[in-house]
$ cat input21.cif   # mmCIF, C-alpha atoms
data_final
loop_
_atom_site.label_atom_id
_atom_site.label_comp_id
_atom_site.auth_asym_id
_atom_site.auth_seq_id
_atom_site.Cartn_x
_atom_site.Cartn_y
_atom_site.Cartn_z
CA MET A 234 76.73 51.76 96.26
CA LYS A 235 76.01 48.03 95.76
CA ILE A 236 72.49 47.22 94.55
CA ALA A 237 70.76 43.86 94.10
CA ILE A 238 68.13 43.58 91.35
CA ILE A 239 65.73 40.64 91.59
CA GLU A 240 63.79 40.18 88.35
CA ASP A 241 62.66 36.91 86.73
CA ASP A 242 62.08 38.41 83.26
CA ILE A 243 65.47 38.08 81.56
CA ASN A 244 64.77 40.83 79.00
CA TYR A 245 63.71 43.35 81.64
CA ARG A 246 66.62 42.35 83.86
CA LYS A 247 69.10 42.89 81.04
CA SER A 248 67.52 46.24 80.10
CA LEU A 249 67.97 47.46 83.68
CA GLU A 250 71.59 46.32 83.69
CA THR A 251 72.17 48.22 80.42
CA ALA A 252 70.46 51.36 81.77
CA PHE A 253 72.71 51.34 84.85
CA GLU A 254 75.83 51.36 82.67
CA ASP A 255 75.35 55.14 82.43
CA TYR A 256 75.59 55.36 86.25
CA PRO A 257 79.02 53.97 87.23
CA GLN A 258 78.54 55.03 90.87
CA TYR A 259 76.32 51.95 91.31
CA GLU A 260 77.54 48.36 91.42
CA ILE A 261 74.68 46.20 90.12
CA VAL A 262 74.27 42.49 90.89
CA SER A 263 71.27 40.80 89.27
CA PHE A 264 69.39 37.69 90.36
CA LYS A 265 66.75 35.78 88.40
CA ASN A 266 64.77 34.82 91.53
CA PRO A 267 64.56 35.63 95.26
CA LYS A 268 65.92 32.25 96.38
CA ASP A 269 69.20 32.84 94.53
CA ALA A 270 69.38 36.33 96.01
CA LEU A 271 68.85 35.09 99.58
CA LYS A 272 71.88 32.79 99.21
CA LYS A 273 74.17 35.62 98.05
CA LEU A 274 73.01 38.78 99.81
CA ASP A 275 75.43 39.96 102.50
CA ASP A 276 76.44 43.13 104.34
CA SER A 277 78.14 44.54 101.24
CA PHE A 278 74.75 45.32 99.68
CA HIS A 279 73.01 48.61 100.41
CA LEU A 280 69.72 48.31 98.54
CA VAL A 281 67.44 45.76 96.85
CA ILE A 282 65.20 46.42 93.86
CA THR A 283 62.65 43.65 93.42
CA ASP A 284 59.75 42.66 91.22
CA ILE A 285 56.62 41.27 92.92
CA ASN A 286 55.19 38.52 90.69
CA MET A 287 57.84 35.81 90.41
CA PRO A 288 57.70 31.98 90.48
CA GLN A 289 58.69 29.98 93.59
CA MET A 290 58.77 33.07 95.84
CA ASP A 291 57.13 36.44 95.20
CA GLY A 292 58.77 39.78 95.96
CA LEU A 293 56.71 40.48 99.08
CA SER A 294 57.62 37.11 100.65
CA PHE A 295 61.24 37.86 99.74
CA LEU A 296 61.09 41.23 101.52
CA GLN A 297 59.53 39.53 104.53
CA GLU A 298 62.49 37.12 104.63
CA LEU A 299 64.93 40.06 104.51
CA ASN A 300 63.17 41.52 107.57
CA GLY A 301 64.28 45.12 106.93
CA ARG A 302 68.01 44.36 106.48
CA TYR A 303 68.20 46.57 103.39
CA GLU A 304 66.46 49.61 101.98
CA ALA A 305 64.05 48.35 99.31
CA ILE A 306 62.34 49.56 96.14
CA VAL A 307 59.54 47.59 94.48
CA ILE A 308 59.07 47.57 90.70
CA THR A 309 56.10 45.79 89.14
CA GLY A 310 54.10 45.57 85.96
CA ASN A 311 50.96 44.38 87.72
CA ALA A 312 50.38 46.80 90.59
CA SER A 313 47.41 46.63 92.94
CA VAL A 314 46.24 48.46 96.04
CA GLN A 315 46.75 45.35 98.16
CA ASN A 316 50.36 44.90 97.01
CA ALA A 317 51.04 48.60 97.53
CA ILE A 318 49.70 48.44 101.10
CA LYS A 319 51.65 45.25 101.86
CA SER A 320 54.83 46.86 100.50
CA ILE A 321 54.40 49.92 102.73
CA ARG A 322 53.85 47.67 105.75
CA LEU A 323 57.13 45.90 104.92
CA GLY A 324 58.98 49.22 105.00
CA VAL A 325 59.24 49.78 101.23
CA LYS A 326 59.66 53.50 100.57
CA ASP A 327 59.21 53.56 96.78
CA PHE A 328 56.83 51.56 94.57
CA LEU A 329 57.38 52.01 90.81
CA VAL A 330 55.23 50.73 87.95
CA LYS A 331 57.16 49.25 85.03
CA GLY A 332 57.36 51.69 82.17
CA PHE A 333 59.06 54.28 84.41
CA GLU A 334 62.04 56.27 83.16
CA ILE A 335 65.42 55.21 84.57
CA GLU A 336 65.74 58.74 86.04
CA ALA A 337 62.74 58.02 88.30
CA LEU A 338 64.45 54.89 89.61
CA ILE A 339 67.72 56.79 90.17
CA GLU A 340 65.82 59.44 92.17
CA ALA A 341 64.27 56.71 94.31
CA ILE A 342 67.69 55.13 94.89
CA GLU A 343 69.19 58.48 95.89
CA ARG A 344 66.37 59.09 98.39
CA SER A 345 66.91 55.66 99.95
CA HIS A 346 70.67 56.14 100.02
CA ARG A 347 70.40 59.48 101.80
CA VAL A 348 68.09 58.03 104.44
CA HIS A 349 70.47 55.09 104.97
CA THR A 350 73.57 57.30 105.16
CA ILE A 351 72.10 59.70 107.71
CA THR A 352 70.47 57.08 109.92
CA GLN A 353 73.56 54.82 109.98
CA SER A 354 76.16 57.55 110.59
CA PRO A 355 76.64 58.59 114.24
CA THR A 356 77.05 62.33 114.76
CA LYS A 357 78.16 64.55 117.57
CA ALA A 358 74.66 65.93 117.63
CA GLN A 359 73.37 62.44 118.43
CA ASP A 360 75.58 62.20 121.50
CA SER A 361 75.09 65.75 122.74
CA THR A 362 71.33 65.68 122.42
CA HIS A 363 70.72 62.14 123.65
CA SER A 364 69.74 63.21 127.15
CA HIS A 365 67.48 65.97 125.83
CA LYS A 366 65.77 63.48 123.51
CA SER A 367 65.32 61.04 126.37
CA GLN A 368 63.62 63.77 128.40
CA ASN A 369 61.24 64.44 125.50
CA LEU A 370 60.40 60.76 125.19
CA THR A 371 59.45 60.48 128.85
CA LYS A 372 56.28 62.43 128.07
CA ASP A 373 53.45 59.98 127.52
CA PHE A 374 51.46 62.29 125.28
CA ILE A 375 53.07 65.04 123.20
CA SER A 376 49.82 66.87 122.45
CA THR A 377 46.16 66.69 123.32
CA SER A 378 42.65 66.81 121.89
CA PRO A 379 39.13 66.40 123.33
CA LYS A 380 39.03 62.75 122.20
CA LEU A 381 42.44 62.03 123.71
CA GLU A 382 41.53 63.71 127.00
CA GLU A 383 38.38 61.61 127.18
CA ALA A 384 40.41 58.40 126.80
CA LYS A 385 43.08 59.62 129.27
CA ASN A 386 40.44 60.34 131.92
CA ILE A 387 39.15 56.77 131.66
CA ALA A 388 42.72 55.44 131.76
CA LEU A 389 43.57 57.45 134.89
CA LYS A 390 40.45 56.23 136.68
CA VAL A 391 41.10 52.59 135.89
CA ALA A 392 44.85 52.89 136.62
CA LYS A 393 44.13 53.22 140.34
CA THR A 394 42.44 49.78 140.35
CA ASP A 395 43.51 46.27 139.34
CA ALA A 396 40.64 45.87 136.86
CA SER A 397 41.47 44.30 133.50
CA VAL A 398 41.48 46.80 130.62
CA LEU A 399 40.82 46.12 126.93
CA ILE A 400 42.16 48.93 124.72
CA LEU A 401 40.28 49.14 121.43
CA GLY A 402 41.42 51.03 118.35
CA GLN A 403 42.90 50.91 114.87
CA SER A 404 46.55 50.02 114.23
CA GLY A 405 48.90 52.89 115.01
CA VAL A 406 46.60 54.91 117.32
CA GLY A 407 48.88 54.44 120.35
CA LYS A 408 47.36 51.50 122.23
CA ASP A 409 50.81 50.59 123.58
CA VAL A 410 51.26 54.17 124.86
CA PHE A 411 47.98 53.90 126.76
CA ALA A 412 49.00 50.53 128.23
CA ASN A 413 52.23 52.09 129.54
CA PHE A 414 50.30 55.13 130.79
CA ILE A 415 47.93 52.93 132.82
CA HIS A 416 50.83 50.98 134.36
CA LYS A 417 52.87 54.10 135.21
CA ASN A 418 49.89 55.68 136.96
CA SER A 419 49.04 52.58 138.98
CA SER A 420 50.26 51.29 142.34
CA ARG A 421 52.31 48.76 140.33
CA ALA A 422 54.43 51.46 138.64
CA ASN A 423 57.68 50.25 140.24
CA ALA A 424 57.04 46.60 139.32
CA PRO A 425 57.62 45.01 135.88
CA PHE A 426 55.65 45.98 132.80
CA ILE A 427 55.98 43.28 130.13
CA ALA A 428 54.41 43.44 126.67
CA ILE A 429 53.87 40.58 124.23
CA ASN A 430 52.40 40.73 120.73
CA MET A 431 50.16 37.73 120.09
CA ALA A 432 50.39 38.13 116.31
CA ALA A 433 54.20 38.28 116.22
CA ILE A 434 55.04 34.94 117.88
CA PRO A 435 54.33 31.51 116.32
CA GLU A 436 51.70 29.47 118.16
CA HIS A 437 54.12 26.71 119.21
CA LEU A 438 56.39 29.29 120.89
CA LEU A 439 53.67 31.50 122.35
CA GLU A 440 52.60 28.97 124.98
CA SER A 441 56.10 28.53 126.39
CA GLU A 442 56.71 32.32 126.28
CA LEU A 443 53.55 33.02 128.29
CA PHE A 444 53.50 30.13 130.74
CA GLY A 445 57.15 29.03 130.91
CA TYR A 446 58.39 25.44 130.98
CA GLU A 447 60.22 22.86 133.06
CA LYS A 448 63.48 21.20 132.01
CA GLY A 449 62.69 18.31 129.66
CA ALA A 450 59.17 19.56 128.83
CA PHE A 451 60.09 19.32 125.13
CA THR A 452 63.16 18.53 123.02
CA ASP A 453 64.96 21.89 123.37
CA ALA A 454 63.97 22.52 127.00
CA THR A 455 67.46 22.04 128.47
CA SER A 456 66.69 24.13 131.57
CA THR A 457 63.68 25.50 133.45
CA LYS A 458 62.41 28.87 132.25
CA PRO A 459 59.70 31.03 133.88
CA GLY A 460 57.19 32.54 131.47
CA ILE A 461 56.19 36.16 130.98
CA LEU A 462 53.29 35.83 133.41
CA GLU A 463 55.70 34.82 136.17
CA ASP A 464 58.29 37.44 135.24
CA ALA A 465 55.63 40.16 135.52
CA ASN A 466 54.56 39.09 139.02
CA GLY A 467 53.52 42.16 141.01
CA GLY A 468 53.32 44.24 137.84
CA SER A 469 51.38 44.42 134.58
CA VAL A 470 51.23 42.31 131.42
CA PHE A 471 50.24 43.94 128.12
CA LEU A 472 48.75 41.40 125.69
CA ASP A 473 48.81 43.22 122.36
CA GLU A 474 46.73 41.93 119.39
CA ILE A 475 44.80 39.69 121.82
CA GLY A 476 42.29 38.92 119.06
CA GLU A 477 45.00 36.85 117.33
CA MET A 478 45.58 34.56 120.34
CA PRO A 479 45.13 30.90 119.33
CA LEU A 480 41.90 29.37 120.64
CA ALA A 481 43.70 26.56 122.51
CA LEU A 482 45.75 29.07 124.54
CA GLN A 483 42.69 31.18 125.34
CA ALA A 484 41.42 28.44 127.67
CA LYS A 485 44.74 28.42 129.54
CA LEU A 486 44.76 32.20 129.87
CA LEU A 487 41.17 32.14 131.18
CA ARG A 488 42.26 29.68 133.87
CA VAL A 489 45.11 32.01 134.87
CA LEU A 490 42.65 34.91 135.20
CA GLN A 491 40.22 32.84 137.26
CA GLU A 492 42.69 31.08 139.54
CA LYS A 493 45.45 33.74 139.64
CA SER A 494 48.03 31.01 139.13
CA VAL A 495 50.09 29.67 136.22
CA THR A 496 51.27 26.15 135.42
CA ARG A 497 54.47 25.74 133.42
CA LEU A 498 54.68 23.34 130.48
CA GLY A 499 55.83 19.94 131.77
CA SER A 500 54.59 20.62 135.30
CA SER A 501 51.36 20.02 137.20
CA LYS A 502 52.21 22.41 140.03
CA PRO A 503 50.38 25.77 139.91
CA ILE A 504 52.40 28.88 140.82
CA LYS A 505 50.51 31.80 142.36
CA ILE A 506 50.91 35.12 140.56
CA ASP A 507 49.70 38.69 141.10
CA VAL A 508 49.44 40.32 137.68
CA ARG A 509 47.35 43.12 136.21
CA PHE A 510 46.16 42.38 132.65
CA ILE A 511 45.97 45.06 129.96
CA SER A 512 44.98 43.86 126.48
CA ALA A 513 44.58 45.54 123.10
CA THR A 514 43.10 44.72 119.74
CA ASN A 515 42.15 46.30 116.44
CA ALA A 516 39.97 43.31 115.55
CA ASN A 517 36.20 43.02 115.87
CA ILE A 518 36.13 40.64 118.84
CA GLN A 519 32.34 40.26 118.73
CA ALA A 520 32.60 38.99 115.14
CA LYS A 521 35.36 36.57 116.19
CA ILE A 522 33.16 35.32 119.03
CA ALA A 523 30.31 34.75 116.56
CA LYS A 524 32.69 32.69 114.38
CA ASN A 525 33.96 30.72 117.41
CA GLU A 526 37.43 32.20 117.00
CA PHE A 527 37.46 33.90 120.41
CA ARG A 528 36.02 32.77 123.75
CA GLU A 529 33.22 34.95 125.02
CA ASP A 530 34.04 34.17 128.67
CA LEU A 531 37.65 35.30 128.14
CA PHE A 532 36.45 38.46 126.40
CA PHE A 533 34.31 39.43 129.40
CA ARG A 534 37.22 38.73 131.76
CA LEU A 535 39.61 40.90 129.77
CA GLN A 536 37.29 43.82 129.13
CA THR A 537 36.18 44.72 132.64
CA ILE A 538 36.95 48.23 131.46
CA PRO A 539 36.84 48.83 127.68
CA LEU A 540 39.01 51.78 126.62
CA PRO A 541 38.34 52.97 123.04
CA VAL A 542 41.10 55.08 121.45
CA SER A 543 39.96 57.25 118.54
CA PRO A 544 41.79 57.31 115.18
CA LEU A 545 44.02 60.28 114.41
CA LYS A 546 41.50 61.72 111.90
CA GLU A 547 39.22 62.39 114.91
CA ARG A 548 42.09 63.97 116.86
CA LYS A 549 43.27 66.53 114.30
CA GLU A 550 44.35 68.94 117.05
CA GLU A 551 47.28 66.58 117.71
CA ILE A 552 48.62 66.39 114.15
CA LEU A 553 50.74 69.55 114.02
CA PRO A 554 52.13 69.39 117.59
CA LEU A 555 53.09 65.72 117.03
CA SER A 556 54.65 66.57 113.68
CA GLU A 557 56.69 69.45 115.11
CA TRP A 558 57.85 67.37 118.08
CA LYS A 559 58.94 64.53 115.80
CA LEU A 560 60.69 66.89 113.38
CA GLU A 561 62.64 68.49 116.22
CA SER A 562 63.62 65.04 117.55
CA VAL A 563 64.78 63.84 114.13
CA CYS A 564 66.82 66.98 113.45
CA MET A 565 68.51 66.75 116.85
CA GLN A 566 69.14 63.01 116.56
CA TYR A 567 70.84 63.24 113.17
CA GLY A 568 72.39 66.69 113.47
CA LEU A 569 70.31 68.18 110.65
CA GLY A 570 70.04 71.68 112.08
CA GLN A 571 66.71 73.41 112.60
CA LYS A 572 63.88 72.70 110.18
CA ARG A 573 60.27 73.83 110.03
CA PHE A 574 57.10 73.08 108.07
CA SER A 575 55.87 75.52 105.44
CA LYS A 576 52.27 76.73 105.64
CA GLU A 577 51.41 74.48 102.69
CA ALA A 578 53.06 71.46 104.36
CA LYS A 579 50.99 72.05 107.51
CA GLU A 580 47.83 72.19 105.41
CA ALA A 581 48.85 68.94 103.69
CA LEU A 582 49.42 67.24 107.05
CA LEU A 583 46.01 68.36 108.29
CA SER A 584 44.13 67.30 105.16
CA TYR A 585 45.71 63.84 104.73
CA GLU A 586 43.61 60.80 105.78
CA TRP A 587 46.24 59.11 108.06
CA TYR A 588 44.87 55.59 107.84
CA GLY A 589 48.07 54.46 109.57
CA ASN A 590 47.30 56.93 112.39
CA VAL A 591 50.07 58.27 114.67
CA ARG A 592 52.53 55.60 113.56
CA GLU A 593 52.22 56.65 109.92
CA LEU A 594 52.44 60.37 110.81
CA LEU A 595 55.71 59.93 112.72
CA SER A 596 57.19 57.86 109.90
CA VAL A 597 56.27 60.49 107.27
CA VAL A 598 57.75 63.33 109.34
CA GLU A 599 60.98 61.44 110.02
CA ARG A 600 61.49 60.79 106.33
CA ALA A 601 60.69 64.39 105.41
CA GLY A 602 63.14 65.69 108.01
CA ILE A 603 65.94 63.53 106.65
CA LEU A 604 65.30 64.05 102.94
CA SER A 605 64.35 67.74 102.73
CA GLU A 606 67.11 69.84 101.17
CA SER A 607 66.22 73.16 102.81
CA GLU A 608 65.27 74.39 106.26
CA GLU A 609 61.61 74.64 105.24
CA ILE A 610 59.75 71.39 104.61
CA SER A 611 57.38 71.60 101.66
CA PRO A 612 54.43 69.34 100.72
CA LYS A 613 56.73 67.68 98.16
CA ASP A 614 59.11 66.61 100.97
CA LEU A 615 56.25 64.83 102.76
CA PHE A 616 55.59 62.48 99.81
CA LEU A 617 51.91 62.41 100.79
CA GLU A 618 50.84 62.82 97.21
CA SER A 619 52.68 59.65 96.21
CA ARG A 620 50.77 57.74 98.89
CA ASN A 621 47.48 58.73 97.29
CA GLN A 622 48.63 58.55 93.67
CA ALA A 623 48.54 55.77 91.17
CA PHE A 624 50.47 52.62 91.86
CA GLY A 625 49.33 51.56 88.39
CA GLY A 626 47.56 48.40 87.26
CA GLY A 627 45.83 47.02 84.21
CA THR A 628 46.17 48.96 81.01
CA SER A 629 46.10 52.35 82.67
CA PRO A 630 49.37 52.94 84.55
CA LYS A 631 48.20 56.37 85.70
CA GLN A 632 44.94 55.10 87.19
CA GLY A 633 44.53 56.56 90.70
CA ILE A 634 44.86 54.44 93.80
CA SER A 635 41.45 55.73 94.89
CA GLU A 636 39.80 54.32 91.76
CA LEU A 637 41.63 51.01 92.19
CA GLU A 638 40.56 50.87 95.82
CA LYS A 639 36.95 51.71 94.95
CA GLN A 640 36.83 48.89 92.39
CA LEU A 641 38.44 46.44 94.82
CA ILE A 642 35.96 47.26 97.59
CA ALA A 643 32.98 47.14 95.21
CA GLN A 644 34.06 43.72 93.92
CA THR A 645 34.60 42.41 97.46
CA LEU A 646 31.19 43.65 98.60
CA LEU A 647 29.65 41.83 95.65
CA GLN A 648 31.47 38.61 96.50
CA SER A 649 30.54 38.85 100.18
CA GLN A 650 26.91 39.75 99.36
CA ASN A 651 27.33 43.01 101.28
CA ASP A 652 28.37 41.24 104.49
CA LEU A 653 30.64 43.97 105.93
CA GLN A 654 32.47 41.70 108.36
CA LYS A 655 33.18 39.14 105.65
CA ALA A 656 34.33 41.89 103.27
CA SER A 657 36.52 43.35 106.02
CA ASP A 658 38.17 39.96 106.58
CA MET A 659 38.67 39.39 102.84
CA LEU A 660 40.33 42.79 102.42
CA GLY A 661 42.34 42.60 105.64
CA MET A 662 40.87 45.99 106.49
CA ASN A 663 39.47 47.26 109.78
CA ILE A 664 35.67 47.30 109.52
CA GLU A 665 35.43 50.95 110.62
CA VAL A 666 37.90 51.96 107.91
CA LEU A 667 35.86 49.93 105.42
CA ARG A 668 32.65 51.74 106.44
CA HIS A 669 34.42 55.07 105.99
CA LYS A 670 35.62 54.12 102.50
CA ILE A 671 32.18 52.82 101.46
CA ALA A 672 30.69 56.18 102.42
CA ARG A 673 33.56 58.09 100.80
CA TYR A 674 33.17 56.25 97.47
CA GLY A 675 29.37 56.30 97.57
CA LEU A 676 29.15 52.49 97.30
#

$ encode --input "input21.cif" --output "structure tokens"
Amino acid sequence: MKIAIIEDDINYRKSLETAFEDYPQYEIVSFKNPKDALKKLDDSFHLVITDINMPQMDGLSFLQELNGRYEAIVITGNASVQNAIKSIRLGVKDFLVKGFEIEALIEAIERSHRVHTITQSPTKAQDSTHSHKSQNLTKDFISTSPKLEEAKNIALKVAKTDASVLILGQSGVGKDVFANFIHKNSSRANAPFIAINMAAIPEHLLESELFGYEKGAFTDATSTKPGILEDANGGSVFLDEIGEMPLALQAKLLRVLQEKSVTRLGSSKPIKIDVRFISATNANIQAKIAKNEFREDLFFRLQTIPLPVSPLKERKEEILPLSEWKLESVCMQYGLGQKRFSKEAKEALLSYEWYGNVRELLSVVERAGILSESEEISPKDLFLESRNQAFGGGTSPKQGISELEKQLIAQTLLQSQNDLQKASDMLGMNIEVLRHKIARYGL
């Protein structure tokens, strides 16, 4: 197994190299900074182990550049809640505070290696169960709860119309599932459904993606290309993360909604379109309007029907059915045999906070299914405790993440003079989650 270590501290880098001499099954290649690593990393590497605080490029920017090409483990001597959260969002499975025993790092490597081996190796079970899995995935909702039924009833009512829908909810609650559900239950079900994430596409590309362009409209426009709004004609467009849409493009989108026509870049000729708009956001649009970051007239056009989707912690009835469905899917996909949750594992699933909502739940269950050694999944296999435990920091490496988070929020509230929206923006945290944590910590 070939492993890249990226560490700017020469003494620590050499000590890691020495420690790995007792583990000849690993081929170690060390780099003193991420830029050197980016030049040399290729398909022969299986895993990267990186520090965070480094000159020129930090470890998190480095992982962003890698874009999930390798399994990754973060090691750091200056851990923080924010870095831990960013690492998890970048797909990092293990986050170790310097001072760890080499055995702890080896265990983390073995976990990553097993996940990589199973997910990359095709099995007969994958082929034989593909159709069964596809049938499972055709279900829009695997389980139900009073809160989910309430949202579904609104979605079904609005699906029969062409009214614009704005889906509101935290990241990971299933806003994209609801957008698909509305389209599939509408008269446009047989026409295109096209989704675009406003936060994922650079501003200079977003305009041409949405509205299309004529040949010669800009340097690389070697041929005419219709935009997404034209491609979806007769169907539905899902504008995800609409709150992140650049202000300049908001005016153009408003014109499309008003005139039901689109004008390509480099053209003055409007093209008539018939499109149903479904949007989604986890941002506080009203706060963005107050800060002149979002047009109020566009907001009212997009939210003819607001559809709030509750977080998973308010839909606890769905947790176990979703977990069991995902576990069955994972076991069938990778030929892992039949596995089940222990009573204690079920209790752990039900008591966990799930700030990442359904997306986080499915990720946790998939990992547990792959890594568990026996047929019964225990709380230890879920790794939930590690998500709530210390990521370290300061002079107390065993300080709990909750205490770190409490201090961070308290400091931010002080700096923002108790302005919740400002504090929410500073922390990069949904304001409803922030309110929950303030109450939880008694701040």

$ residues_around --input "input21.cif" --residues "Pro379 of chain A" --least-positions-apart "6" --cutoff "10 Å" --atoms "all atoms listed in the file" --output "ChimeraX atom specification"
/A:385,547-551

$ closest_residue --input "input21.cif" --among "A:Val563, A:Leu555, A:Ala337, A:Ile610" --to "Ser575 of chain A" --atoms "all atoms listed in the file"
A:Ile610

$ resolve_selection --input "input21.cif" --expression "the PyMOL selection byres ((chain A and resi 405) around 6)" --output "list in words"
Ser404, Val406, Gly407, Gly589, Asn590, Val591 and Arg592 of chain A

$ residues_around --input "input21.cif" --residues "segment 275-285 of chain A" --least-positions-apart "5" --cutoff "7 Å" --atoms "all atoms listed in the file" --output "PyMOL selection string"
chain A and resi 234-240+291-293+303-309

$ write_last_selection --input "input21.cif" --atoms "C-alpha atoms" --output "mmCIF file, keeping the file's coordinate frame"
data_model
loop_
_atom_site.group_PDB
_atom_site.id
_atom_site.type_symbol
_atom_site.label_atom_id
_atom_site.label_comp_id
_atom_site.auth_asym_id
_atom_site.auth_seq_id
_atom_site.Cartn_x
_atom_site.Cartn_y
_atom_site.Cartn_z
ATOM 1 C CA MET A 234 76.730 51.760 96.260
ATOM 2 C CA LYS A 235 76.010 48.030 95.760
ATOM 3 C CA ILE A 236 72.490 47.220 94.550
ATOM 4 C CA ALA A 237 70.760 43.860 94.100
ATOM 5 C CA ILE A 238 68.130 43.580 91.350
ATOM 6 C CA ILE A 239 65.730 40.640 91.590
ATOM 7 C CA GLU A 240 63.790 40.180 88.350
ATOM 8 C CA ASP A 291 57.130 36.440 95.200
ATOM 9 C CA GLY A 292 58.770 39.780 95.960
ATOM 10 C CA LEU A 293 56.710 40.480 99.080
ATOM 11 C CA TYR A 303 68.200 46.570 103.390
ATOM 12 C CA GLU A 304 66.460 49.610 101.980
ATOM 13 C CA ALA A 305 64.050 48.350 99.310
ATOM 14 C CA ILE A 306 62.340 49.560 96.140
ATOM 15 C CA VAL A 307 59.540 47.590 94.480
ATOM 16 C CA ILE A 308 59.070 47.570 90.700
ATOM 17 C CA THR A 309 56.100 45.790 89.140
#

$ residues_around --input "input21.cif" --residues "Glu336 of chain A" --least-positions-apart "3" --cutoff "12 Å" --atoms "only C-alpha atoms" --output "PyMOL selection string"
chain A and resi 249+252-253+255-256+329+332-333+339-343

$ closest_residue --input "input21.cif" --among "A:Phe374, A:Ala424, A:Trp587, A:Arg497" --to "Phe411 of chain A" --atoms "all atoms listed in the file"
A:Phe374

$ resolve_selection --input "input21.cif" --expression "the PyMOL selection byres ((chain A and resi 384) around 9)" --output "mmCIF file with C-alpha atoms, in the frame of the given file"
data_model
loop_
_atom_site.group_PDB
_atom_site.id
_atom_site.type_symbol
_atom_site.label_atom_id
_atom_site.label_comp_id
_atom_site.auth_asym_id
_atom_site.auth_seq_id
_atom_site.Cartn_x
_atom_site.Cartn_y
_atom_site.Cartn_z
ATOM 1 C CA PRO A 379 39.130 66.400 123.330
ATOM 2 C CA LYS A 380 39.030 62.750 122.200
ATOM 3 C CA LEU A 381 42.440 62.030 123.710
ATOM 4 C CA GLU A 382 41.530 63.710 127.000
ATOM 5 C CA GLU A 383 38.380 61.610 127.180
ATOM 6 C CA LYS A 385 43.080 59.620 129.270
ATOM 7 C CA ASN A 386 40.440 60.340 131.920
ATOM 8 C CA ILE A 387 39.150 56.770 131.660
ATOM 9 C CA ALA A 388 42.720 55.440 131.760
ATOM 10 C CA LEU A 389 43.570 57.450 134.890
ATOM 11 C CA PHE A 411 47.980 53.900 126.760
ATOM 12 C CA LEU A 540 39.010 51.780 126.620
ATOM 13 C CA PRO A 541 38.340 52.970 123.040
ATOM 14 C CA VAL A 542 41.100 55.080 121.450
ATOM 15 C CA SER A 543 39.960 57.250 118.540
#

$ resolve_selection --input "input21.cif" --expression "the PyMOL selection byres ((chain A and resi 499) around 12)" --output "PDB file with C-alpha atoms, in the frame of the given file"
ATOM      1  CA  GLU A 440      52.600  28.970 124.980  1.00  0.00           C
ATOM      2  CA  SER A 441      56.100  28.530 126.390  1.00  0.00           C
ATOM      3  CA  PHE A 444      53.500  30.130 130.740  1.00  0.00           C
ATOM      4  CA  GLY A 445      57.150  29.030 130.910  1.00  0.00           C
ATOM      5  CA  TYR A 446      58.390  25.440 130.980  1.00  0.00           C
ATOM      6  CA  GLU A 447      60.220  22.860 133.060  1.00  0.00           C
ATOM      7  CA  LYS A 448      63.480  21.200 132.010  1.00  0.00           C
ATOM      8  CA  GLY A 449      62.690  18.310 129.660  1.00  0.00           C
ATOM      9  CA  ALA A 450      59.170  19.560 128.830  1.00  0.00           C
ATOM     10  CA  PHE A 451      60.090  19.320 125.130  1.00  0.00           C
ATOM     11  CA  THR A 452      63.160  18.530 123.020  1.00  0.00           C
ATOM     12  CA  ALA A 454      63.970  22.520 127.000  1.00  0.00           C
ATOM     13  CA  SER A 456      66.690  24.130 131.570  1.00  0.00           C
ATOM     14  CA  THR A 457      63.680  25.500 133.450  1.00  0.00           C
ATOM     15  CA  LYS A 458      62.410  28.870 132.250  1.00  0.00           C
ATOM     16  CA  PRO A 459      59.700  31.030 133.880  1.00  0.00           C
ATOM     17  CA  THR A 496      51.270  26.150 135.420  1.00  0.00           C
ATOM     18  CA  ARG A 497      54.470  25.740 133.420  1.00  0.00           C
ATOM     19  CA  LEU A 498      54.680  23.340 130.480  1.00  0.00           C
ATOM     20  CA  SER A 500      54.590  20.620 135.300  1.00  0.00           C
ATOM     21  CA  SER A 501      51.360  20.020 137.200  1.00  0.00           C
ATOM     22  CA  LYS A 502      52.210  22.410 140.030  1.00  0.00           C
ATOM     23  CA  PRO A 503      50.380  25.770 139.910  1.00  0.00           C
TER      24      PRO A 503
END

$ atom_distance --input "input21.cif" --atom1 "atom CA of His346 of chain A" --atom2 "atom CA of Glu334 of chain A"
18.9 Å

$ closest_residue --input "input21.cif" --among "A:Val398, A:Ile429, A:Ile552, A:Leu676" --to "Glu580 of chain A" --atoms "only C-alpha atoms"
A:Ile552

$ residues_around --input "input21.cif" --residues "Pro539 of chain A" --least-positions-apart "3" --cutoff "7 Å" --atoms "only C-alpha atoms" --output "list in words"
Val398, Leu399, Ile400 and Gln536 of chain A

$ residues_around --input "input21.cif" --residues "Glu250 of chain A" --least-positions-apart "6" --cutoff "10 Å" --atoms "all atoms listed in the file" --output "PyMOL selection string"
chain A and resi 238+244+260-263

$ write_last_selection --input "input21.cif" --atoms "C-alpha atoms" --output "compact mmCIF listing (two decimals), keeping the file's coordinate frame"
# COMPACT_ATOMS: atom_id res chain seq x y z
CA ILE A 238 68.13 43.58 91.35
CA ASN A 244 64.77 40.83 79.00
CA GLU A 260 77.54 48.36 91.42
CA ILE A 261 74.68 46.20 90.12
CA VAL A 262 74.27 42.49 90.89
CA SER A 263 71.27 40.80 89.27

$ atom_distance --input "input21.cif" --atom1 "atom CA of Lys546 of chain A" --atom2 "atom CA of Glu586 of chain A"
6.5 Å

$ atom_distance --input "input21.cif" --atom1 "atom CA of Asn430 of chain A" --atom2 "atom CA of Leu667 of chain A"
24.3 Å
